[in-house]
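Below: my_file-v4.cif (mmCIF, C-alpha atoms and all ligand atoms)
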data_input
#
loop_
_atom_site.label_atom_id
_atom_site.label_comp_id
_atom_site.auth_asym_id
_atom_site.auth_seq_id
_atom_site.Cartn_x
_atom_site.Cartn_y
_atom_site.Cartn_z
CA MET J 1467 -109.63 178.94 -112.44
CA LYS J 1468 -109.92 175.17 -112.56
CA GLY J 1469 -109.64 173.91 -116.13
CA LYS J 1470 -108.11 177.19 -117.37
CA ILE J 1471 -104.74 177.40 -119.08
CA ALA J 1472 -102.44 180.39 -118.54
CA ILE J 1473 -99.10 181.61 -119.88
CA VAL J 1474 -97.03 183.95 -117.73
CA THR J 1475 -93.91 185.44 -119.32
CA GLY J 1476 -90.85 186.30 -117.24
CA ALA J 1477 -92.05 183.98 -114.49
CA ALA J 1478 -88.64 182.91 -113.17
CA LYS J 1479 -88.61 185.47 -110.38
CA GLY J 1480 -90.17 188.60 -108.92
CA ILE J 1481 -93.69 189.62 -109.88
CA GLY J 1482 -94.00 187.03 -112.68
CA LYS J 1483 -93.19 184.19 -110.29
CA ALA J 1484 -95.80 185.44 -107.81
CA ILE J 1485 -98.40 185.64 -110.61
CA ALA J 1486 -97.64 182.08 -111.79
CA LEU J 1487 -98.04 180.76 -108.23
CA GLU J 1488 -101.23 182.79 -107.70
CA LEU J 1489 -102.92 181.48 -110.87
CA ALA J 1490 -101.84 177.89 -110.23
CA SER J 1491 -103.07 178.14 -106.62
CA ALA J 1492 -106.44 179.24 -108.04
CA GLY J 1493 -106.53 175.99 -110.05
CA ALA J 1494 -105.13 177.03 -113.45
CA LYS J 1495 -102.58 175.03 -115.41
CA VAL J 1496 -99.73 177.52 -115.87
CA TYR J 1497 -97.06 177.58 -118.55
CA ALA J 1498 -94.22 179.55 -116.97
CA ASN J 1499 -91.93 181.30 -119.40
CA GLY J 1500 -88.31 182.17 -118.71
CA ARG J 1501 -85.34 182.72 -120.96
CA THR J 1502 -84.02 179.27 -120.06
CA ARG J 1503 -85.42 176.16 -118.42
CA GLU J 1504 -82.70 176.40 -115.73
CA SER J 1505 -83.87 179.88 -114.72
CA LEU J 1506 -87.28 178.37 -113.86
CA SER J 1507 -85.95 175.71 -111.50
CA ASP J 1508 -86.83 177.58 -108.25
CA LEU J 1509 -90.41 178.13 -109.40
CA LEU J 1510 -90.81 174.55 -110.60
CA GLY J 1511 -89.41 173.24 -107.31
CA GLU J 1512 -91.89 175.34 -105.33
CA ALA J 1513 -94.74 174.19 -107.59
CA GLU J 1514 -93.82 170.56 -106.97
CA VAL J 1515 -93.76 171.00 -103.21
CA ARG J 1516 -97.17 172.70 -103.30
CA SER J 1517 -98.61 170.24 -105.91
CA LEU J 1518 -99.33 173.06 -108.38
CA GLU J 1519 -99.52 172.50 -112.12
CA ILE J 1520 -96.75 174.72 -113.48
CA LEU J 1521 -94.89 173.68 -116.64
CA PRO J 1522 -91.76 175.29 -118.13
CA LEU J 1523 -92.06 177.15 -121.45
CA PRO J 1524 -88.60 178.60 -122.12
CA PHE J 1525 -88.19 181.20 -124.86
CA ASP J 1526 -86.93 184.74 -125.35
CA VAL J 1527 -89.94 187.03 -125.75
CA SER J 1528 -87.94 189.43 -127.94
CA LYS J 1529 -87.26 186.76 -130.60
CA GLU J 1530 -90.32 186.34 -132.81
CA ALA J 1531 -89.38 182.90 -134.15
CA GLU J 1532 -88.97 181.56 -130.59
CA VAL J 1533 -92.35 183.01 -129.60
CA VAL J 1534 -94.07 181.42 -132.62
CA ARG J 1535 -92.50 178.04 -131.85
CA ALA J 1536 -93.43 178.14 -128.16
CA MET J 1537 -97.04 179.24 -128.74
CA GLY J 1538 -97.37 176.39 -131.23
CA THR J 1539 -96.67 173.84 -128.47
CA VAL J 1540 -99.50 175.01 -126.17
CA GLU J 1541 -102.92 173.37 -126.58
CA ARG J 1542 -105.08 176.41 -125.71
CA ILE J 1543 -104.68 179.73 -123.91
CA ASP J 1544 -107.34 181.20 -121.62
CA TYR J 1545 -105.09 183.72 -119.90
CA LEU J 1546 -101.92 185.44 -121.12
CA VAL J 1547 -99.81 187.59 -118.79
CA ASN J 1548 -97.15 189.66 -120.58
CA ASN J 1549 -94.86 190.32 -117.63
CA ALA J 1550 -91.28 189.87 -118.96
CA ALA J 1551 -89.34 193.12 -119.09
CA VAL J 1552 -85.89 194.57 -118.59
CA CYS J 1553 -85.23 197.71 -116.60
CA PRO J 1554 -81.53 198.58 -116.34
CA TYR J 1555 -80.72 201.82 -114.54
CA VAL J 1556 -79.10 204.16 -117.10
CA ARG J 1557 -78.51 207.89 -116.65
CA TYR J 1558 -79.84 210.03 -119.48
CA GLU J 1559 -76.27 211.10 -120.42
CA ASP J 1560 -75.15 207.47 -120.78
CA LEU J 1561 -77.98 206.16 -122.98
CA THR J 1562 -76.95 204.35 -126.17
CA GLU J 1563 -78.81 202.89 -129.12
CA GLU J 1564 -78.29 199.44 -127.55
CA HIS J 1565 -80.24 200.48 -124.43
CA TRP J 1566 -83.17 201.61 -126.59
CA ASP J 1567 -83.05 198.39 -128.64
CA LEU J 1568 -82.88 196.20 -125.53
CA MET J 1569 -85.79 197.81 -123.67
CA PHE J 1570 -88.03 198.23 -126.71
CA GLY J 1571 -87.07 194.73 -127.95
CA VAL J 1572 -88.08 192.94 -124.74
CA ASN J 1573 -90.71 195.23 -123.20
CA VAL J 1574 -92.60 196.41 -126.29
CA LYS J 1575 -91.88 194.00 -129.14
CA GLY J 1576 -91.91 191.06 -126.70
CA THR J 1577 -95.42 191.96 -125.52
CA TYR J 1578 -96.55 192.44 -129.12
CA PHE J 1579 -95.03 189.13 -130.34
CA CYS J 1580 -96.54 187.11 -127.47
CA THR J 1581 -100.00 188.64 -127.92
CA ARG J 1582 -99.95 188.42 -131.72
CA HIS J 1583 -98.82 184.80 -131.82
CA ALA J 1584 -100.96 183.64 -128.90
CA LEU J 1585 -104.10 184.94 -130.60
CA GLU J 1586 -104.76 181.80 -132.64
CA LYS J 1587 -104.83 179.77 -129.39
CA ILE J 1588 -106.71 182.22 -127.18
CA THR J 1589 -110.21 181.16 -126.15
CA SER J 1590 -112.76 183.22 -128.03
CA PRO J 1591 -114.96 184.41 -126.46
CA GLY J 1592 -113.65 184.48 -122.88
CA GLY J 1593 -109.88 184.87 -123.24
CA SER J 1594 -108.20 187.49 -121.10
CA ILE J 1595 -104.82 189.19 -121.42
CA VAL J 1596 -102.99 191.28 -118.82
CA ASN J 1597 -99.94 193.34 -119.74
CA ILE J 1598 -97.70 194.35 -116.84
CA SER J 1599 -97.01 198.04 -117.23
CA SER J 1600 -95.45 200.48 -114.75
CA GLY J 1601 -96.32 203.79 -113.14
CA ALA J 1602 -93.34 205.06 -115.17
CA GLY J 1603 -95.57 204.73 -118.24
CA LYS J 1604 -97.48 207.77 -116.98
CA THR J 1605 -94.98 209.65 -114.82
CA GLY J 1606 -91.85 209.09 -116.96
CA GLY J 1607 -88.72 207.08 -116.39
CA ALA J 1608 -86.43 209.81 -115.03
CA PHE J 1609 -85.76 207.76 -111.85
CA VAL J 1610 -84.53 204.72 -113.84
CA SER J 1611 -84.17 205.43 -117.59
CA MET J 1612 -86.02 207.13 -120.41
CA PRO J 1613 -86.42 204.00 -122.60
CA TYR J 1614 -88.05 202.13 -119.69
CA GLY J 1615 -90.69 204.83 -119.10
CA THR J 1616 -91.40 205.24 -122.79
CA SER J 1617 -91.60 201.46 -123.27
CA LYS J 1618 -94.26 201.27 -120.56
CA ALA J 1619 -96.19 204.19 -122.09
CA ALA J 1620 -96.14 202.11 -125.27
CA ILE J 1621 -97.53 199.14 -123.31
CA ASN J 1622 -100.43 201.28 -122.07
CA ASN J 1623 -101.14 202.35 -125.65
CA MET J 1624 -100.78 198.80 -127.01
CA THR J 1625 -103.21 197.59 -124.33
CA VAL J 1626 -105.89 199.95 -125.59
CA THR J 1627 -105.21 199.09 -129.24
CA PHE J 1628 -105.38 195.32 -128.66
CA ALA J 1629 -108.48 195.77 -126.46
CA LYS J 1630 -110.26 197.52 -129.34
CA LEU J 1631 -109.05 194.99 -131.93
CA PHE J 1632 -110.01 191.91 -129.88
CA ALA J 1633 -113.26 193.09 -128.27
CA ALA J 1634 -115.38 191.69 -131.09
CA LYS J 1635 -113.81 188.27 -130.42
CA GLY J 1636 -114.79 188.48 -126.74
CA ILE J 1637 -111.14 188.68 -125.70
CA ARG J 1638 -110.33 191.28 -123.03
CA VAL J 1639 -107.01 193.12 -122.78
CA ASN J 1640 -106.04 195.17 -119.72
CA ALA J 1641 -102.84 196.33 -118.04
CA VAL J 1642 -101.84 196.12 -114.39
CA SER J 1643 -99.37 198.87 -113.57
CA PRO J 1644 -97.27 198.35 -110.43
CA GLY J 1645 -95.54 201.07 -108.47
CA PHE J 1646 -92.37 200.34 -106.50
CA VAL J 1647 -92.21 196.60 -105.70
CA GLU J 1648 -89.40 194.74 -103.92
CA THR J 1649 -87.70 192.71 -106.69
CA ARG J 1650 -84.33 192.59 -108.43
CA ILE J 1651 -85.34 195.68 -110.44
CA LEU J 1652 -85.42 197.76 -107.26
CA ASP J 1653 -82.21 196.17 -105.93
CA GLU J 1654 -80.36 197.33 -109.04
CA MET J 1655 -81.49 200.98 -108.78
CA PRO J 1656 -79.56 203.58 -106.76
CA ILE J 1657 -82.62 204.57 -104.73
CA ASP J 1658 -83.30 205.73 -101.19
CA ARG J 1659 -85.98 203.34 -99.90
CA ASP J 1660 -86.83 205.57 -96.93
CA ARG J 1661 -87.51 208.52 -99.22
CA ILE J 1662 -89.63 206.35 -101.54
CA ARG J 1663 -91.68 205.05 -98.60
CA SER J 1664 -92.30 208.56 -97.33
CA ASP J 1665 -93.47 209.68 -100.82
CA ILE J 1666 -95.99 206.82 -101.12
CA PRO J 1667 -99.34 207.72 -99.51
CA LEU J 1668 -99.79 204.22 -98.01
CA GLY J 1669 -96.23 204.48 -96.64
CA LYS J 1670 -94.78 201.25 -98.00
CA ILE J 1671 -93.03 199.63 -100.94
CA GLY J 1672 -95.06 196.78 -102.45
CA LYS J 1673 -94.31 193.07 -102.60
CA PRO J 1674 -94.91 190.75 -105.58
CA GLY J 1675 -97.78 189.29 -103.55
CA ASP J 1676 -99.52 192.70 -103.64
CA ILE J 1677 -99.67 192.60 -107.44
CA ALA J 1678 -100.49 188.94 -108.20
CA PRO J 1679 -104.08 188.86 -106.78
CA VAL J 1680 -104.98 191.97 -108.80
CA VAL J 1681 -103.74 190.24 -111.96
CA ARG J 1682 -105.81 187.16 -111.08
CA PHE J 1683 -108.93 189.31 -110.66
CA VAL J 1684 -108.37 191.20 -113.94
CA LEU J 1685 -107.87 187.91 -115.80
CA SER J 1686 -110.90 186.28 -114.27
CA GLU J 1687 -114.59 186.29 -115.16
CA GLU J 1688 -115.17 188.53 -112.15
CA SER J 1689 -113.92 191.48 -114.23
CA SER J 1690 -115.76 190.46 -117.42
CA PHE J 1691 -117.04 194.01 -118.13
CA MET J 1692 -113.52 195.51 -118.04
CA THR J 1693 -111.28 195.95 -121.08
CA GLY J 1694 -108.71 198.48 -122.31
CA GLN J 1695 -107.93 199.68 -118.76
CA VAL J 1696 -104.64 200.41 -117.02
CA ILE J 1697 -105.01 199.52 -113.34
CA GLU J 1698 -102.49 201.25 -111.05
CA VAL J 1699 -101.39 199.20 -108.01
CA ASN J 1700 -98.92 201.37 -106.14
CA GLY J 1701 -99.94 202.38 -102.62
CA GLY J 1702 -101.30 205.61 -104.07
CA ASP J 1703 -97.99 206.68 -105.63
CA VAL J 1704 -99.68 207.57 -108.94
CA MET J 1705 -103.25 208.79 -108.58
CA TYR J 1706 -104.78 209.47 -111.98
N1 LIG E 1801 -90.35 195.82 -109.38
C1 LIG E 1801 -90.92 196.98 -109.62
O1 LIG E 1801 -90.78 197.92 -108.81
C2 LIG E 1801 -91.79 197.17 -110.84
C3 LIG E 1801 -92.49 198.37 -110.93
C4 LIG E 1801 -93.30 198.58 -112.04
C5 LIG E 1801 -93.41 197.63 -113.02
N2 LIG E 1801 -92.69 196.47 -112.90
C6 LIG E 1801 -92.85 195.49 -114.00
O2 LIG E 1801 -93.14 194.22 -113.45
C7 LIG E 1801 -92.69 193.19 -114.33
C8 LIG E 1801 -91.83 192.20 -113.57
O3 LIG E 1801 -90.71 192.87 -113.05
P1 LIG E 1801 -89.92 192.39 -111.74
O4 LIG E 1801 -89.79 193.57 -110.87
O5 LIG E 1801 -90.50 191.13 -111.22
O6 LIG E 1801 -88.47 192.14 -112.40
P2 LIG E 1801 -87.48 190.87 -112.44
O7 LIG E 1801 -87.40 190.28 -111.07
O8 LIG E 1801 -86.26 191.37 -113.09
O9 LIG E 1801 -88.25 189.86 -113.37
C9 LIG E 1801 -88.32 190.03 -114.75
C10 LIG E 1801 -88.42 188.68 -115.39
O10 LIG E 1801 -88.47 188.84 -116.82
C11 LIG E 1801 -87.58 187.89 -117.40
N3 LIG E 1801 -87.12 188.31 -118.71
C12 LIG E 1801 -86.32 189.35 -119.03
N4 LIG E 1801 -86.08 189.37 -120.34
C13 LIG E 1801 -86.74 188.31 -120.88
C14 LIG E 1801 -86.87 187.79 -122.18
N5 LIG E 1801 -86.26 188.39 -123.23
N6 LIG E 1801 -87.61 186.68 -122.38
C15 LIG E 1801 -88.23 186.06 -121.34
N7 LIG E 1801 -88.12 186.51 -120.06
C16 LIG E 1801 -87.39 187.62 -119.85
C17 LIG E 1801 -86.43 187.82 -116.41
O11 LIG E 1801 -85.70 186.64 -116.65
P3 LIG E 1801 -84.15 186.46 -116.19
O12 LIG E 1801 -84.27 185.99 -114.79
O13 LIG E 1801 -83.64 185.44 -117.13
O14 LIG E 1801 -83.50 187.80 -116.33
C18 LIG E 1801 -87.20 187.83 -115.08
O15 LIG E 1801 -87.62 186.55 -114.72
C19 LIG E 1801 -91.94 193.92 -115.45
O16 LIG E 1801 -92.80 194.10 -116.55
C20 LIG E 1801 -91.60 195.26 -114.83
O17 LIG E 1801 -91.41 196.26 -115.78
C21 LIG E 1801 -91.89 196.21 -111.85
#

I'd like the structure from this file rewritten - as structure tokens, please.
Amino acid sequence: MKGKIAIVTGAAKGIGKAIALELASAGAKVYANGRTRESLSDLLGEAEVRSLEILPLPFDVSKEAEVVRAMGTVERIDYLVNNAAVCPYVRYEDLTEEHWDLMFGVNVKGTYFCTRHALEKITSPGGSIVNISSGAGKTGGAFVSMPYGTSKAAINNMTVTFAKLFAAKGIRVNAVSPGFVETRILDEMPIDRDRIRSDIPLGKIGKPGDIAPVVRFVLSEESSFMTGQVIEVNGGDVMY
């Protein structure tokens, strides 16, 4: 990925941080997005120690004007990873309009705004976009919240729509859809890890490092005949 330029949203921690480090380790220059510059300090510190080219690009993905401004500061985009999302645990009975607005604002509109406003800078042909979905997009969000599952189903649909719209420009759009992965999202859910492990055919919960190499592959030239796909990475938890 030497000479390539990538943007990873929600890169301050968890899966996004692992993706930013993975792409930079492969030689890309990575713009790491977080809501604030301060939230990116751990990632930037690690990049400095490892001599990786990771630069901060703070903005809120759910605010269109901030997205437009940030995309305007980047010279070119070869790879865009729409990873930022929110996933609060909310019981069905407790759902409010604010929960729907929050999850659709960040997860769905955020992905749309970043893709829409990156387009002008995306290398054509050859650009590649990966949206981070979730198994909940297919199996539903009953275990965490209905707006989360439906927001990820929307991401799967948006992936296909953008793939069709951008194919003529030689820009590929795919989704990588993790299953259970050890991050803050899992820490904040009232879940029984032993039960989850026993339900997953490969018998383990994933780590951010299990997702990042798949994202690198789907971004790269190695997958140049693949577009409009949702790739499940989940230890076999969802198999269709
Ligand atoms: N962990 C799992 O089991 C799992 C499973 C399936 C799919 N996923 C998906 O994987 C992706 C990463 O999740 P994760 O588990 O790594 O969660 P995480 O640790 O909570 O990371 C999410 C990141 O997104 C950032 N973010 C949230 N709202 C934002 C906004 N408005 N603008 C910019 N950045 C924002 C967060 O920043 P702050 O630090 O400022 O909050 C955080 O850095 C998400 O798309 C999630 O839906 C995760």

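Closest approach to Arg1661 (chain J) among J:Ser1594, J:Lys1673, J:Phe1646, J:Glu1512 is made by J:Phe1646 (distances from all atoms listed in the file).
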
At a cut-off of 7 Å and counting all atoms listed in the file, what residues surround ligand LIG 1801 (chain E)? Please answer as a PDB file with C-alpha atoms, in the coordinates of the input.
ATOM      1  CA  THR J1475     -93.910 185.440-119.320  1.00  0.00           C
ATOM      2  CA  GLY J1476     -90.850 186.300-117.240  1.00  0.00           C
ATOM      3  CA  ALA J1477     -92.050 183.980-114.490  1.00  0.00           C
ATOM      4  CA  ALA J1478     -88.640 182.910-113.170  1.00  0.00           C
ATOM      5  CA  LYS J1479     -88.610 185.470-110.380  1.00  0.00           C
ATOM      6  CA  GLY J1480     -90.170 188.600-108.920  1.00  0.00           C
ATOM      7  CA  ILE J1481     -93.690 189.620-109.880  1.00  0.00           C
ATOM      8  CA  GLY J1482     -94.000 187.030-112.680  1.00  0.00           C
ATOM      9  CA  ASN J1499     -91.930 181.300-119.400  1.00  0.00           C
ATOM     10  CA  GLY J1500     -88.310 182.170-118.710  1.00  0.00           C
ATOM     11  CA  ARG J1501     -85.340 182.720-120.960  1.00  0.00           C
ATOM     12  CA  THR J1502     -84.020 179.270-120.060  1.00  0.00           C
ATOM     13  CA  SER J1505     -83.870 179.880-114.720  1.00  0.00           C
ATOM     14  CA  PHE J1525     -88.190 181.200-124.860  1.00  0.00           C
ATOM     15  CA  ASP J1526     -86.930 184.740-125.350  1.00  0.00           C
ATOM     16  CA  VAL J1527     -89.940 187.030-125.750  1.00  0.00           C
ATOM     17  CA  SER J1528     -87.940 189.430-127.940  1.00  0.00           C
ATOM     18  CA  ASN J1549     -94.860 190.320-117.630  1.00  0.00           C
ATOM     19  CA  ALA J1550     -91.280 189.870-118.960  1.00  0.00           C
ATOM     20  CA  ALA J1551     -89.340 193.120-119.090  1.00  0.00           C
ATOM     21  CA  VAL J1552     -85.890 194.570-118.590  1.00  0.00           C
ATOM     22  CA  CYS J1553     -85.230 197.710-116.600  1.00  0.00           C
ATOM     23  CA  VAL J1572     -88.080 192.940-124.740  1.00  0.00           C
ATOM     24  CA  ILE J1598     -97.700 194.350-116.840  1.00  0.00           C
ATOM     25  CA  SER J1599     -97.010 198.040-117.230  1.00  0.00           C
ATOM     26  CA  SER J1600     -95.450 200.480-114.750  1.00  0.00           C
ATOM     27  CA  GLY J1601     -96.320 203.790-113.140  1.00  0.00           C
ATOM     28  CA  SER J1643     -99.370 198.870-113.570  1.00  0.00           C
ATOM     29  CA  PRO J1644     -97.270 198.350-110.430  1.00  0.00           C
ATOM     30  CA  GLY J1645     -95.540 201.070-108.470  1.00  0.00           C
ATOM     31  CA  PHE J1646     -92.370 200.340-106.500  1.00  0.00           C
ATOM     32  CA  VAL J1647     -92.210 196.600-105.700  1.00  0.00           C
ATOM     33  CA  GLU J1648     -89.400 194.740-103.920  1.00  0.00           C
ATOM     34  CA  THR J1649     -87.700 192.710-106.690  1.00  0.00           C
ATOM     35  CA  ARG J1650     -84.330 192.590-108.430  1.00  0.00           C
ATOM     36  CA  ILE J1651     -85.340 195.680-110.440  1.00  0.00           C
ATOM     37  CA  LEU J1652     -85.420 197.760-107.260  1.00  0.00           C
TER      38      LEU J1652
END

Using all atoms listed in the file, find each residue in region 1648-1683 of chain J having at least one atom no more than 12 Å away from region 1468-1474 of chain J; report its shortest atom-to-atom pair and that distance in Å (one decimal), rows by chain then rising number, as JSON lines.
{"residue": "J:Ala1678", "atom": "CA", "partner": "J:Val1474", "partner_atom": "CA", "distance": 11.3}
{"residue": "J:Val1681", "atom": "CA", "partner": "J:Val1474", "partner_atom": "CA", "distance": 10.9}
{"residue": "J:Arg1682", "atom": "CA", "partner": "J:Ala1472", "partner_atom": "CA", "distance": 10.6}

For the residues selected in the previous step, produce a file with C-alpha atoms as a PDB file, keeping the file's coordinate frame.
ATOM      1  CA  ALA J1678    -100.490 188.940-108.200  1.00  0.00           C
ATOM      2  CA  VAL J1681    -103.740 190.240-111.960  1.00  0.00           C
ATOM      3  CA  ARG J1682    -105.810 187.160-111.080  1.00  0.00           C
TER       4      ARG J1682
END

Using only C-alpha atoms, which of the listed residues (J:Pro1613, J:Gly1592, J:Pro1674, J:Gly1606) sits closest to His1565 (chain J)?
J:Pro1613

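One finds CA of Ile1621 (chain J) at 16.8 Å from CA of Ala1584 (chain J).
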
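Note that the spacing between CA of Tyr1558 (chain J) and CA of Gly1603 (chain J) amounts to 16.6 Å.
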
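When CA of Thr1625 (chain J) is paired with CA of Ile1662 (chain J), their separation reads 27.9 Å.
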
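Of the listed residues (J:Thr1616, J:Asp1660, J:Leu1546, J:Asn1623), J:Leu1546 comes nearest to Val1684 (chain J); the distances count all atoms listed in the file.
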